[in-house]
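Colleague: My questions will all concern the structure given below.
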Amino acid sequence: MRDSLQQPTPPEQSHTVPSRVAVAKHPVHPMLVVFPIAFLGSVLVTDLAHLWRGGTFWAQASFWLSAAGLIGGVLAGLVGTVDLLLIREVRRHVSAWNHMIAAVMVLALAAASVWLRWPDPAAAVWPWGLLLSAMLALLVAVAGWLGGTLSFRHGVGVYGEYDPEADDGDDDVPPAE
């Protein structure tokens with residue numbers, strides 16, 4: 001029953017969508033997002049460590065992780081935006097637009113975190129810095145999930161040959177009119 005509910009795909013449509021911004025076929029956007037995800041996802045951990053251990057080291061680590069995550073995220077966002085604007089098939093996916101919106105929200109929260117922590121990183125942790133870092137960790141997870149959906153489910157930024165045997169959709173059914 002479940003197979004009959006799948007949307008048919010035309011035989012000429014490939015399940016891989018190569019990136020326009022790539023180095024030797026390797027898409028640049030997924031390479032760039034690794035560090036901002038790690039940095040911004042770690043701010044909550046360093047804020048909690050500051051509250052638990054005290055001192056200024058963990059608060060300063062939160063500031064620098066926020067700043068580095070913001071800078072790296074802006075760079076990754078620019079490359080991702082180029083792919084979004086240049087590849088028509090990517091623009092057709094709701095996941096791509098949701099990923100972009102979540103990523104912009106992540107960058108806005110990262111900028112707010114840097115701005116809040118700039119004058120005194122230790123004083124900024126409780127309560128607003130912790131709240132920002134918790135929201136940041138949640139949104140990083142959402143944006144990452146949506147980006148993973150684009151790559152692993154829709155084949156965006158994935159290169160390879162089209163394998164009709166691996167396709168579990170019913171390609172022989174003409175689209176409903």
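Quick note on naming: the chains in the structure tokens go A, B, ... in the order shown, residues restart at 1 in each chain, and ligands are numbered from 1 in order of appearance.
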I'd like the neighbourhood of range 50-53 of chain A as a PyMOL selection string, where a residue qualifies if any of its atoms comes within 8 Å (using only C-alpha atoms), though same-chain residues fewer than 3 positions away should be ignored.

Modeller: chain A and resi 46-47+56-59+122+125-126

Colleague: Write a file of the just-selected residues containing C-alpha atoms, as an mmCIF file, in the first residue's frame.

Modeller:
```cif
data_model
loop_
_atom_site.group_PDB
_atom_site.id
_atom_site.type_symbol
_atom_site.label_atom_id
_atom_site.label_comp_id
_atom_site.auth_asym_id
_atom_site.auth_seq_id
_atom_site.Cartn_x
_atom_site.Cartn_y
_atom_site.Cartn_z
ATOM 1 C CA THR A 46 30.606 26.267 27.522
ATOM 2 C CA ASP A 47 27.857 28.409 29.099
ATOM 3 C CA THR A 56 36.072 33.626 32.992
ATOM 4 C CA PHE A 57 37.631 30.947 30.783
ATOM 5 C CA TRP A 58 34.347 29.248 29.821
ATOM 6 C CA ALA A 59 32.554 32.576 29.329
ATOM 7 C CA ALA A 122 31.161 36.414 32.094
ATOM 8 C CA VAL A 125 26.063 34.216 30.529
ATOM 9 C CA TRP A 126 23.245 34.356 33.091
#
```

Colleague: If we count only C-alpha atoms, what is near Pro30 in chain A at a cut-off of 12 Å, once residues fewer than 3 positions away on the same chain are taken out, given as a ChimeraX atom specification?

Modeller: /A:19,21-23,26-27,33-37,72-73,75-77,79-80,83,144,147-148,150-152,156-158

Colleague: Can you work out which one of A:Trp64, A:Ala111, A:Leu70, A:Ala143 has the shortest atom-to-atom distance to His99 in chain A, counting only C-alpha atoms?

Modeller: A:Ala143

Colleague: Among range 15-158 of chain A, which residues does DSSP mark as alpha helix (DSSP H) when it is run on the backbone? Keep the chain and numbering as in the structure and answer as a PyMOL selection string.

Modeller: chain A and resi 28-32+34-53+57-86+88-91+94-117+121-124+130-148

Colleague: Pick out the residues sitting within 9 Å of Phe63 in chain A, and hand them over as a ChimeraX atom specification; count only C-alpha atoms, and ignore anything fewer than 5 positions along from it in its own chain.

Modeller: /A:43,58,68,113-114,116-118,121

Colleague: Restricting it to all heavy atoms, dump the selection as a compact mmCIF listing (two decimals), in the first residue's frame.

Modeller:
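Once everything was written out, this is out.txt:
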```
# COMPACT_ATOMS: atom_id res chain seq x y z
N VAL A 43 28.38 26.33 22.24
CA VAL A 43 28.21 27.50 23.10
C VAL A 43 27.38 27.15 24.33
O VAL A 43 27.70 27.59 25.45
CB VAL A 43 27.59 28.68 22.32
CG1 VAL A 43 27.32 29.86 23.23
CG2 VAL A 43 28.51 29.11 21.18
N TRP A 58 35.47 29.82 30.58
CA TRP A 58 34.35 29.25 29.82
C TRP A 58 33.47 30.33 29.21
O TRP A 58 32.94 30.17 28.11
CB TRP A 58 33.53 28.31 30.70
CG TRP A 58 34.29 27.09 31.07
CD1 TRP A 58 34.76 26.76 32.31
CD2 TRP A 58 34.70 26.04 30.20
NE1 TRP A 58 35.43 25.56 32.26
CE2 TRP A 58 35.41 25.10 30.97
CE3 TRP A 58 34.55 25.80 28.84
CZ2 TRP A 58 35.96 23.94 30.43
CZ3 TRP A 58 35.09 24.65 28.30
CH2 TRP A 58 35.79 23.73 29.09
N ALA A 68 33.36 32.92 16.13
CA ALA A 68 33.89 32.07 15.05
C ALA A 68 32.75 31.38 14.31
O ALA A 68 32.78 31.24 13.07
CB ALA A 68 34.85 31.04 15.62
N SER A 113 24.28 36.82 20.19
CA SER A 113 25.15 36.25 21.22
C SER A 113 26.48 36.99 21.27
O SER A 113 26.98 37.31 22.36
CB SER A 113 25.37 34.76 20.94
OG SER A 113 26.18 34.18 21.92
N VAL A 114 27.06 37.27 20.13
CA VAL A 114 28.32 38.01 20.08
C VAL A 114 28.11 39.41 20.64
O VAL A 114 28.92 39.91 21.45
CB VAL A 114 28.89 38.07 18.64
CG1 VAL A 114 30.05 39.04 18.54
CG2 VAL A 114 29.31 36.68 18.19
N LEU A 116 25.84 40.48 22.74
CA LEU A 116 25.56 40.42 24.18
C LEU A 116 26.84 40.17 24.97
O LEU A 116 27.05 40.74 26.04
CB LEU A 116 24.55 39.30 24.47
CG LEU A 116 24.20 39.05 25.93
CD1 LEU A 116 23.38 40.21 26.47
CD2 LEU A 116 23.45 37.74 26.08
N ARG A 117 27.70 39.31 24.47
CA ARG A 117 28.91 38.90 25.20
C ARG A 117 30.09 39.85 25.01
O ARG A 117 31.08 39.76 25.74
CB ARG A 117 29.31 37.49 24.76
CG ARG A 117 28.28 36.45 25.10
CD ARG A 117 28.58 35.14 24.39
NE ARG A 117 27.45 34.25 24.36
CZ ARG A 117 27.12 33.41 25.34
NH1 ARG A 117 27.84 33.36 26.42
NH2 ARG A 117 26.07 32.63 25.21
N TRP A 118 30.02 40.74 24.03
CA TRP A 118 31.16 41.60 23.68
C TRP A 118 31.71 42.39 24.88
O TRP A 118 32.91 42.33 25.14
CB TRP A 118 30.75 42.54 22.55
CG TRP A 118 31.87 43.39 22.06
CD1 TRP A 118 32.29 44.59 22.57
CD2 TRP A 118 32.73 43.11 20.96
NE1 TRP A 118 33.33 45.07 21.86
CE2 TRP A 118 33.63 44.19 20.86
CE3 TRP A 118 32.81 42.08 20.05
CZ2 TRP A 118 34.62 44.24 19.89
CZ3 TRP A 118 33.80 42.13 19.08
CH2 TRP A 118 34.67 43.21 19.00
N PRO A 121 31.98 38.99 28.74
CA PRO A 121 31.49 37.63 28.49
C PRO A 121 30.96 36.93 29.73
O PRO A 121 29.96 36.22 29.67
CB PRO A 121 32.71 36.91 27.92
CG PRO A 121 33.56 37.97 27.34
CD PRO A 121 33.35 39.17 28.23
```

Colleague: Running DSSP on the backbone, which parts of range 17-135 of chain A land in strand (DSSP E or B), as a ChimeraX atom specification?

Modeller: /A:17,22-23,26-27

Colleague: Could you save the residues just selected, with C-alpha atoms, as a CSV table (one decimal), in the first residue's frame?

Modeller:
```csv
chain,number,residue,atom,x,y,z
A,17,VAL,CA,21.8,17.3,-7.8
A,22,ALA,CA,32.3,22.7,-5.9
A,23,VAL,CA,35.9,21.7,-5.8
A,26,HIS,CA,32.9,18.1,-3.8
A,27,PRO,CA,30.3,20.7,-2.8
```

Colleague: Considering only C-alpha atoms, state which residue in the set A:Val28, A:Val45, A:Ala96, A:Leu130 is at the smallest distance from Leu109 in chain A.

Modeller: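 Closest to Leu109 in chain A of all the choices is A:Leu130.
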
Colleague: My list of candidates is A:Val94, A:Leu85, A:Ala103, A:Leu48. Which is closest to Leu131 in chain A when distances are computed with only C-alpha atoms?

Modeller: A:Leu48

Colleague: With distances taken over only C-alpha atoms, which of A:Ala24, A:Asp120, A:Ser133, A:Arg153 is nearest to Ser95 in chain A?

Modeller: A:Arg153

Colleague: List the spatial neighbours of Leu44 in chain A as a list in words - criterion: any atom at most 9 Å away, only C-alpha atoms, same-chain residues fewer than 6 positions off excluded.

Modeller: Ser62, Gly129, Leu130, Leu131, Leu132, Ser133, Ala134, Met135, Leu136 and Ala137 of chain A

Colleague: Kindly give the distance, in Å, that separates CA of Val74 in chain A and CA of Ala108 in chain A, rounded to a single decimal.

Modeller: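 Calculated distance between CA of Val74 in chain A and CA of Ala108 in chain A is 10.2 Å.
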
Colleague: Which residue out of A:Met31, A:Leu40, A:Ala67, A:Thr81 has the minimum interatomic distance to Ile101 in chain A when only C-alpha atoms are used?

Modeller: A:Thr81

Colleague: How many Å separate CA of Thr16 in chain A from CA of Glu89 in chain A?

Modeller: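 A separation of 10.3 Å between them.
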
Colleague: Quick one, how far is CA of Trp115 in chain A from CA of Asn98 in chain A?

Modeller: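 CA of Asn98 in chain A lies 25.6 Å from CA of Trp115 in chain A.
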